[in-house]
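This is my_file.cif (mmCIF, N, CA and C atoms; chains and numbers go by the auth columns).
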```cif
data_my_file
loop_
_atom_site.group_PDB
_atom_site.id
_atom_site.type_symbol
_atom_site.label_atom_id
_atom_site.label_comp_id
_atom_site.label_asym_id
_atom_site.label_seq_id
_atom_site.Cartn_x
_atom_site.Cartn_y
_atom_site.Cartn_z
_atom_site.B_iso_or_equiv
_atom_site.auth_seq_id
_atom_site.auth_asym_id
ATOM 1 N N MET A 1 156.246 181.156 153.445 0.00 1 I
ATOM 2 C CA MET A 1 156.265 180.991 152.022 0.00 1 I
ATOM 3 C C MET A 1 157.364 181.893 151.487 0.00 1 I
ATOM 4 N N ASN A 2 158.218 181.330 150.669 0.00 2 I
ATOM 5 C CA ASN A 2 159.289 182.092 150.028 0.00 2 I
ATOM 6 C C ASN A 2 159.164 181.937 148.520 0.00 2 I
ATOM 7 N N LEU A 3 159.095 183.060 147.808 0.00 3 I
ATOM 8 C CA LEU A 3 159.100 183.061 146.350 0.00 3 I
ATOM 9 C C LEU A 3 160.250 183.936 145.897 0.00 3 I
ATOM 10 N N ASN A 4 160.960 183.500 144.870 0.00 4 I
ATOM 11 C CA ASN A 4 162.083 184.253 144.333 0.00 4 I
ATOM 12 C C ASN A 4 161.874 184.481 142.843 0.00 4 I
ATOM 13 N N TYR A 5 161.924 185.742 142.424 0.00 5 I
ATOM 14 C CA TYR A 5 161.765 186.106 141.018 0.00 5 I
ATOM 15 C C TYR A 5 163.100 185.921 140.316 0.00 5 I
ATOM 16 N N LEU A 6 163.101 185.189 139.225 0.00 6 I
ATOM 17 C CA LEU A 6 164.334 184.886 138.504 0.00 6 I
ATOM 18 C C LEU A 6 164.497 185.717 137.233 0.00 6 I
ATOM 19 N N GLY A 7 163.558 186.617 136.966 0.00 7 I
ATOM 20 C CA GLY A 7 163.620 187.461 135.775 0.00 7 I
ATOM 21 C C GLY A 7 164.576 188.621 135.964 0.00 7 I
ATOM 22 N N GLY A 8 164.559 189.521 134.997 0.00 8 I
ATOM 23 C CA GLY A 8 165.495 190.633 134.989 0.00 8 I
ATOM 24 C C GLY A 8 165.054 191.848 135.782 0.00 8 I
ATOM 25 N N LYS A 9 163.891 192.416 135.475 0.00 9 I
ATOM 26 C CA LYS A 9 163.458 193.661 136.103 0.00 9 I
ATOM 27 C C LYS A 9 162.394 193.386 137.169 0.00 9 I
ATOM 28 N N VAL A 10 162.797 193.443 138.418 0.00 10 I
ATOM 29 C CA VAL A 10 161.901 193.156 139.537 0.00 10 I
ATOM 30 C C VAL A 10 160.694 194.094 139.525 0.00 10 I
ATOM 31 N N GLU A 11 160.930 195.365 139.230 0.00 11 I
ATOM 32 C CA GLU A 11 159.847 196.352 139.264 0.00 11 I
ATOM 33 C C GLU A 11 158.768 196.084 138.220 0.00 11 I
ATOM 34 N N SER A 12 159.077 195.281 137.200 0.00 12 I
ATOM 35 C CA SER A 12 158.087 194.974 136.162 0.00 12 I
ATOM 36 C C SER A 12 156.986 194.031 136.654 0.00 12 I
ATOM 37 N N VAL A 13 157.215 193.355 137.771 0.00 13 I
ATOM 38 C CA VAL A 13 156.228 192.410 138.304 0.00 13 I
ATOM 39 C C VAL A 13 155.046 193.141 138.933 0.00 13 I
ATOM 40 N N GLY A 14 155.290 194.190 139.697 0.00 14 I
ATOM 41 C CA GLY A 14 154.211 194.919 140.366 0.00 14 I
ATOM 42 C C GLY A 14 153.534 194.063 141.428 0.00 14 I
ATOM 43 N N ASP A 15 152.295 194.400 141.740 0.00 15 I
ATOM 44 C CA ASP A 15 151.519 193.624 142.718 0.00 15 I
ATOM 45 C C ASP A 15 151.154 192.275 142.119 0.00 15 I
ATOM 46 N N PHE A 16 151.103 191.253 142.966 0.00 16 I
ATOM 47 C CA PHE A 16 150.714 189.930 142.507 0.00 16 I
ATOM 48 C C PHE A 16 149.883 189.234 143.565 0.00 16 I
ATOM 49 N N GLY A 17 149.230 188.154 143.162 0.00 17 I
ATOM 50 C CA GLY A 17 148.412 187.369 144.075 0.00 17 I
ATOM 51 C C GLY A 17 148.846 185.912 144.078 0.00 17 I
ATOM 52 N N ILE A 18 148.550 185.229 145.165 0.00 18 I
ATOM 53 C CA ILE A 18 148.930 183.825 145.326 0.00 18 I
ATOM 54 C C ILE A 18 147.719 183.053 145.841 0.00 18 I
ATOM 55 N N ASN A 19 147.431 181.917 145.218 0.00 19 I
ATOM 56 C CA ASN A 19 146.405 180.983 145.706 0.00 19 I
ATOM 57 C C ASN A 19 147.051 179.629 145.909 0.00 19 I
ATOM 58 N N LEU A 20 146.662 178.950 146.947 0.00 20 I
ATOM 59 C CA LEU A 20 147.090 177.576 147.173 0.00 20 I
ATOM 60 C C LEU A 20 145.831 176.754 147.341 0.00 20 I
ATOM 61 N N ASP A 21 145.570 175.893 146.373 0.00 21 I
ATOM 62 C CA ASP A 21 144.368 175.056 146.371 0.00 21 I
ATOM 63 C C ASP A 21 144.768 173.587 146.372 0.00 21 I
ATOM 64 N N THR A 22 143.901 172.748 146.878 0.00 22 I
ATOM 65 C CA THR A 22 144.170 171.315 146.911 0.00 22 I
ATOM 66 C C THR A 22 143.530 170.624 145.711 0.00 22 I
ATOM 67 N N SER A 23 143.952 169.396 145.461 0.00 23 I
ATOM 68 C CA SER A 23 143.413 168.632 144.339 0.00 23 I
ATOM 69 C C SER A 23 141.945 168.273 144.534 0.00 23 I
ATOM 70 N N ASN A 24 141.429 168.381 145.766 0.00 24 I
ATOM 71 C CA ASN A 24 140.007 168.129 145.987 0.00 24 I
ATOM 72 C C ASN A 24 139.238 169.448 146.149 0.00 24 I
ATOM 73 N N ASN A 25 139.767 170.519 145.524 0.00 25 I
ATOM 74 C CA ASN A 25 139.123 171.832 145.422 0.00 25 I
ATOM 75 C C ASN A 25 138.892 172.542 146.756 0.00 25 I
ATOM 76 N N GLN A 26 139.724 172.285 147.736 0.00 26 I
ATOM 77 C CA GLN A 26 139.684 173.034 148.989 0.00 26 I
ATOM 78 C C GLN A 26 140.685 174.177 148.878 0.00 26 I
ATOM 79 N N ASN A 27 140.271 175.384 149.232 0.00 27 I
ATOM 80 C CA ASN A 27 141.167 176.534 149.160 0.00 27 I
ATOM 81 C C ASN A 27 142.006 176.581 150.424 0.00 27 I
ATOM 82 N N GLY A 28 143.325 176.492 150.264 0.00 28 I
ATOM 83 C CA GLY A 28 144.229 176.531 151.413 0.00 28 I
ATOM 84 C C GLY A 28 144.532 177.950 151.857 0.00 28 I
ATOM 85 N N ILE A 29 145.035 178.801 150.941 0.00 29 I
ATOM 86 C CA ILE A 29 145.334 180.188 151.266 0.00 29 I
ATOM 87 C C ILE A 29 145.101 181.069 150.043 0.00 29 I
ATOM 88 N N ALA A 30 144.989 182.345 150.303 0.00 30 I
ATOM 89 C CA ALA A 30 144.950 183.340 149.235 0.00 30 I
ATOM 90 C C ALA A 30 145.644 184.585 149.764 0.00 30 I
ATOM 91 N N VAL A 31 146.616 185.097 149.003 0.00 31 I
ATOM 92 C CA VAL A 31 147.332 186.321 149.350 0.00 31 I
ATOM 93 C C VAL A 31 147.106 187.298 148.210 0.00 31 I
ATOM 94 N N ARG A 32 146.706 188.516 148.518 0.00 32 I
ATOM 95 C CA ARG A 32 146.452 189.545 147.503 0.00 32 I
ATOM 96 C C ARG A 32 147.381 190.733 147.717 0.00 32 I
ATOM 97 N N ASP A 33 147.631 191.463 146.654 0.00 33 I
ATOM 98 C CA ASP A 33 148.421 192.694 146.691 0.00 33 I
ATOM 99 C C ASP A 33 149.799 192.494 147.312 0.00 33 I
ATOM 100 N N ALA A 34 150.428 191.373 146.991 0.00 34 I
ATOM 101 C CA ALA A 34 151.786 191.098 147.463 0.00 34 I
ATOM 102 C C ALA A 34 152.778 191.831 146.558 0.00 34 I
ATOM 103 N N ARG A 35 153.964 192.114 147.078 0.00 35 I
ATOM 104 C CA ARG A 35 155.016 192.755 146.293 0.00 35 I
ATOM 105 C C ARG A 35 156.353 192.101 146.603 0.00 35 I
ATOM 106 N N LEU A 36 157.205 192.052 145.591 0.00 36 I
ATOM 107 C CA LEU A 36 158.562 191.568 145.777 0.00 36 I
ATOM 108 C C LEU A 36 159.394 192.674 146.424 0.00 36 I
ATOM 109 N N ASN A 37 160.416 192.279 147.193 0.00 37 I
ATOM 110 C CA ASN A 37 161.345 193.294 147.684 0.00 37 I
ATOM 111 C C ASN A 37 162.319 193.641 146.550 0.00 37 I
ATOM 112 N N LYS A 38 163.237 194.551 146.781 0.00 38 I
ATOM 113 C CA LYS A 38 164.108 195.009 145.688 0.00 38 I
ATOM 114 C C LYS A 38 165.067 193.926 145.178 0.00 38 I
ATOM 115 N N GLU A 39 165.248 192.856 145.961 0.00 39 I
ATOM 116 C CA GLU A 39 166.069 191.725 145.506 0.00 39 I
ATOM 117 C C GLU A 39 165.249 190.699 144.723 0.00 39 I
ATOM 118 N N GLY A 40 163.942 190.912 144.630 0.00 40 I
ATOM 119 C CA GLY A 40 163.082 189.992 143.894 0.00 40 I
ATOM 120 C C GLY A 40 162.541 188.851 144.730 0.00 40 I
ATOM 121 N N ASN A 41 162.467 189.044 146.032 0.00 41 I
ATOM 122 C CA ASN A 41 161.998 187.997 146.937 0.00 41 I
ATOM 123 C C ASN A 41 160.683 188.384 147.592 0.00 41 I
ATOM 124 N N PHE A 42 159.865 187.373 147.857 0.00 42 I
ATOM 125 C CA PHE A 42 158.651 187.529 148.657 0.00 42 I
ATOM 126 C C PHE A 42 158.744 186.503 149.758 0.00 42 I
ATOM 127 N N LYS A 43 158.637 186.951 150.984 0.00 43 I
ATOM 128 C CA LYS A 43 158.725 186.034 152.125 0.00 43 I
ATOM 129 C C LYS A 43 157.673 186.455 153.134 0.00 43 I
ATOM 130 N N GLU A 44 156.800 185.517 153.471 0.00 44 I
ATOM 131 C CA GLU A 44 155.743 185.822 154.432 0.00 44 I
ATOM 132 C C GLU A 44 155.284 184.539 155.107 0.00 44 I
ATOM 133 N N LYS A 45 154.981 184.636 156.375 0.00 45 I
ATOM 134 C CA LYS A 45 154.405 183.501 157.090 0.00 45 I
ATOM 135 C C LYS A 45 152.921 183.462 156.783 0.00 45 I
ATOM 136 N N VAL A 46 152.434 182.293 156.420 0.00 46 I
ATOM 137 C CA VAL A 46 151.007 182.126 156.142 0.00 46 I
ATOM 138 C C VAL A 46 150.504 180.919 156.915 0.00 46 I
ATOM 139 N N LYS A 47 149.269 181.002 157.371 0.00 47 I
ATOM 140 C CA LYS A 47 148.654 179.880 158.078 0.00 47 I
ATOM 141 C C LYS A 47 147.804 179.097 157.098 0.00 47 I
ATOM 142 N N ILE A 48 147.939 177.782 157.141 0.00 48 I
ATOM 143 C CA ILE A 48 147.173 176.894 156.272 0.00 48 I
ATOM 144 C C ILE A 48 146.322 175.992 157.139 0.00 48 I
ATOM 145 N N ASP A 49 145.080 175.816 156.755 0.00 49 I
ATOM 146 C CA ASP A 49 144.176 174.907 157.445 0.00 49 I
ATOM 147 C C ASP A 49 144.745 173.491 157.346 0.00 49 I
ATOM 148 N N ALA A 50 145.056 172.894 158.470 0.00 50 I
ATOM 149 C CA ALA A 50 145.671 171.565 158.481 0.00 50 I
ATOM 150 C C ALA A 50 144.660 170.451 158.767 0.00 50 I
ATOM 151 N N SER A 51 143.396 170.712 158.530 0.00 51 I
ATOM 152 C CA SER A 51 142.388 169.679 158.754 0.00 51 I
ATOM 153 C C SER A 51 142.563 168.544 157.744 0.00 51 I
ATOM 154 N N LYS A 52 142.002 167.393 158.039 0.00 52 I
ATOM 155 C CA LYS A 52 142.156 166.224 157.168 0.00 52 I
ATOM 156 C C LYS A 52 141.635 166.475 155.762 0.00 52 I
ATOM 157 N N ASP A 53 140.570 167.259 155.613 0.00 53 I
ATOM 158 C CA ASP A 53 140.015 167.536 154.283 0.00 53 I
ATOM 159 C C ASP A 53 141.006 168.300 153.414 0.00 53 I
ATOM 160 N N VAL A 54 141.797 169.159 154.017 0.00 54 I
ATOM 161 C CA VAL A 54 142.752 169.959 153.252 0.00 54 I
ATOM 162 C C VAL A 54 144.042 169.192 153.004 0.00 54 I
ATOM 163 N N ILE A 55 144.553 168.493 153.999 0.00 55 I
ATOM 164 C CA ILE A 55 145.832 167.790 153.878 0.00 55 I
ATOM 165 C C ILE A 55 145.701 166.463 153.135 0.00 55 I
ATOM 166 N N LYS A 56 144.525 165.902 153.045 0.00 56 I
ATOM 167 C CA LYS A 56 144.282 164.584 152.454 0.00 56 I
ATOM 168 C C LYS A 56 144.693 164.438 150.982 0.00 56 I
ATOM 169 N N PRO A 57 144.607 165.460 150.126 0.00 57 I
ATOM 170 C CA PRO A 57 144.854 165.274 148.700 0.00 57 I
ATOM 171 C C PRO A 57 146.287 164.857 148.382 0.00 57 I
ATOM 172 N N GLU A 58 146.470 164.356 147.166 0.00 58 I
ATOM 173 C CA GLU A 58 147.787 163.918 146.712 0.00 58 I
ATOM 174 C C GLU A 58 148.689 165.088 146.359 0.00 58 I
ATOM 175 N N TYR A 59 148.095 166.191 145.933 0.00 59 I
ATOM 176 C CA TYR A 59 148.899 167.351 145.540 0.00 59 I
ATOM 177 C C TYR A 59 148.144 168.643 145.818 0.00 59 I
ATOM 178 N N MET A 60 148.890 169.729 145.823 0.00 60 I
ATOM 179 C CA MET A 60 148.320 171.064 145.979 0.00 60 I
ATOM 180 C C MET A 60 148.776 171.903 144.786 0.00 60 I
ATOM 181 N N ILE A 61 147.992 172.900 144.435 0.00 61 I
ATOM 182 C CA ILE A 61 148.300 173.739 143.284 0.00 61 I
ATOM 183 C C ILE A 61 148.558 175.164 143.775 0.00 61 I
ATOM 184 N N LEU A 62 149.781 175.637 143.570 0.00 62 I
ATOM 185 C CA LEU A 62 150.152 177.002 143.914 0.00 62 I
ATOM 186 C C LEU A 62 150.058 177.834 142.643 0.00 62 I
ATOM 187 N N THR A 63 149.208 178.852 142.648 0.00 63 I
ATOM 188 C CA THR A 63 149.024 179.719 141.488 0.00 63 I
ATOM 189 C C THR A 63 149.472 181.126 141.840 0.00 63 I
ATOM 190 N N VAL A 64 150.365 181.672 141.020 0.00 64 I
ATOM 191 C CA VAL A 64 150.822 183.046 141.186 0.00 64 I
ATOM 192 C C VAL A 64 150.285 183.837 139.997 0.00 64 I
ATOM 193 N N LYS A 65 149.621 184.968 140.275 0.00 65 I
ATOM 194 C CA LYS A 65 149.043 185.807 139.220 0.00 65 I
ATOM 195 C C LYS A 65 149.656 187.201 139.292 0.00 65 I
ATOM 196 N N TRP A 66 150.135 187.674 138.136 0.00 66 I
ATOM 197 C CA TRP A 66 150.726 189.003 138.048 0.00 66 I
ATOM 198 C C TRP A 66 150.570 189.532 136.625 0.00 66 I
ATOM 199 N N ASN A 67 150.388 190.817 136.474 0.00 67 I
ATOM 200 C CA ASN A 67 150.330 191.486 135.166 0.00 67 I
ATOM 201 C C ASN A 67 149.528 190.715 134.120 0.00 67 I
ATOM 202 N N GLU A 68 148.326 190.277 134.502 0.00 68 I
ATOM 203 C CA GLU A 68 147.458 189.550 133.561 0.00 68 I
ATOM 204 C C GLU A 68 148.051 188.207 133.110 0.00 68 I
ATOM 205 N N LYS A 69 149.018 187.676 133.864 0.00 69 I
ATOM 206 C CA LYS A 69 149.628 186.369 133.595 0.00 69 I
ATOM 207 C C LYS A 69 149.449 185.511 134.839 0.00 69 I
ATOM 208 N N SER A 70 149.606 184.201 134.671 0.00 70 I
ATOM 209 C CA SER A 70 149.587 183.330 135.851 0.00 70 I
ATOM 210 C C SER A 70 150.461 182.111 135.585 0.00 70 I
ATOM 211 N N GLU A 71 150.910 181.527 136.675 0.00 71 I
ATOM 212 C CA GLU A 71 151.718 180.308 136.586 0.00 71 I
ATOM 213 C C GLU A 71 151.287 179.386 137.714 0.00 71 I
ATOM 214 N N ASP A 72 151.038 178.120 137.362 0.00 72 I
ATOM 215 C CA ASP A 72 150.659 177.088 138.329 0.00 72 I
ATOM 216 C C ASP A 72 151.853 176.213 138.633 0.00 72 I
ATOM 217 N N MET A 73 152.018 175.862 139.892 0.00 73 I
ATOM 218 C CA MET A 73 153.051 174.925 140.317 0.00 73 I
ATOM 219 C C MET A 73 152.378 173.819 141.111 0.00 73 I
ATOM 220 N N ILE A 74 152.643 172.589 140.757 0.00 74 I
ATOM 221 C CA ILE A 74 152.067 171.431 141.448 0.00 74 I
ATOM 222 C C ILE A 74 152.999 170.998 142.572 0.00 74 I
ATOM 223 N N LEU A 75 152.468 170.938 143.780 0.00 75 I
ATOM 224 C CA LEU A 75 153.232 170.532 144.958 0.00 75 I
ATOM 225 C C LEU A 75 152.708 169.189 145.437 0.00 75 I
ATOM 226 N N LYS A 76 153.578 168.209 145.549 0.00 76 I
ATOM 227 C CA LYS A 76 153.172 166.894 146.047 0.00 76 I
ATOM 228 C C LYS A 76 153.055 166.949 147.557 0.00 76 I
ATOM 229 N N VAL A 77 151.993 166.319 148.085 0.00 77 I
ATOM 230 C CA VAL A 77 151.777 166.245 149.522 0.00 77 I
ATOM 231 C C VAL A 77 152.370 164.923 150.004 0.00 77 I
ATOM 232 N N LYS A 78 153.235 164.999 151.011 0.00 78 I
ATOM 233 C CA LYS A 78 153.855 163.783 151.538 0.00 78 I
ATOM 234 C C LYS A 78 153.096 163.263 152.715 0.00 78 I
#
```

I need this file expressed as structure tokens, please.
Amino acid sequence: MNLNYLGGKVESVGDFGINLDTSNNQNGIAVRDARLNKEGNFKEKVKIDASKDVIKPEYMILTVKWNEKSEDMILKVK
């Protein structure tokens, strides 16, 4: 998983969390207490359950939470 911060002050982000959930409410992954490097990047290998129940949905929802804010990104499953 690679995330890149496009804002100005990387240090303002602090610790953040990541959830990846499917459209049928199966939790794929959860990462807690993540931090960006000084260039504003987060890169980590994560294992995702590849069972039919998890991969079956049409889309997955990636949620990033930081500083009492959150942003959802919809990922289409091919």

| query | Which residues, written as a ChimeraX atom specification, have at least one atom at most 6.5 Å from Trp66 of chain I, with only N, CA and C atoms counted and residues fewer than 5 positions away on the same chain left out? | reply | /I:13,15-17,71

Output for the residues just chosen: N, CA and C atoms as an mmCIF file, in the coordinates of the input:
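Result file part02.cif:
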```
data_model
loop_
_atom_site.group_PDB
_atom_site.id
_atom_site.type_symbol
_atom_site.label_atom_id
_atom_site.label_comp_id
_atom_site.auth_asym_id
_atom_site.auth_seq_id
_atom_site.Cartn_x
_atom_site.Cartn_y
_atom_site.Cartn_z
ATOM 1 N N VAL I 13 157.215 193.355 137.771
ATOM 2 C CA VAL I 13 156.228 192.410 138.304
ATOM 3 C C VAL I 13 155.046 193.141 138.933
ATOM 4 N N ASP I 15 152.295 194.400 141.740
ATOM 5 C CA ASP I 15 151.519 193.624 142.718
ATOM 6 C C ASP I 15 151.154 192.275 142.119
ATOM 7 N N PHE I 16 151.103 191.253 142.966
ATOM 8 C CA PHE I 16 150.714 189.930 142.507
ATOM 9 C C PHE I 16 149.883 189.234 143.565
ATOM 10 N N GLY I 17 149.230 188.154 143.162
ATOM 11 C CA GLY I 17 148.412 187.369 144.075
ATOM 12 C C GLY I 17 148.846 185.912 144.078
ATOM 13 N N GLU I 71 150.910 181.527 136.675
ATOM 14 C CA GLU I 71 151.718 180.308 136.586
ATOM 15 C C GLU I 71 151.287 179.386 137.714
#
```

| message | For this structure, which residues satisfy the selection - the PyMOL selection byres (((chain I and resi 3 and name CA) around 7) and name CA) - when it is evaluated on the file as given? I want them as a VMD selection string. | response | chain I and resid 1 to 2 4 to 5 41 to 43

Give me the segment 11-31 of chain I side of the contact with segment 59-62 of chain I, cut-off 8 Å, one line per residue showing its nearest atom pair and distance in Å at one decimal, counting all atoms listed in the file, sorted by chain and residue number, as a Markdown table.
```
| residue | atom | partner | partner_atom | distance |
| --- | --- | --- | --- | --- |
| I:Ile18 | C | I:Leu62 | C | 6.6 |
| I:Asn19 | C | I:Leu62 | CA | 4.5 |
| I:Leu20 | CA | I:Ile61 | C | 4.4 |
| I:Asp21 | C | I:Ile61 | N | 3.8 |
| I:Thr22 | CA | I:Met60 | CA | 4.3 |
| I:Ser23 | N | I:Tyr59 | C | 4.3 |
| I:Asn24 | N | I:Tyr59 | C | 6.7 |
```

| said: DSSP on the backbone: which residues in chain I end up as helix (DSSP H, G or I)? Give the answer as a list in words. | reply: Val10, Glu11, Ser12, Lys52, Asp53, Val54 and Ile55 of chain I

| query | atom N of Ile29 of chain I to atom C of Lys45 of chain I: how many Å, to one decimal? | reply |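 The value is 10.9 Å.
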
| said: What's the separation between atom CA of Val77 of chain I and atom CA of Glu58 of chain I, in Å to one decimal place? | reply: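 Computing it gives 5.4 Å between the two atoms.
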
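Using only N, CA and C atoms, the nearest neighbour of Lys47 of chain I within the list I:Asp33, I:Ser70, I:Lys65, I:Gly28 is I:Gly28.
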
| Distance in Å - atom C of Lys76 of chain I versus atom N of Val31 of chain I | 19.3 Å
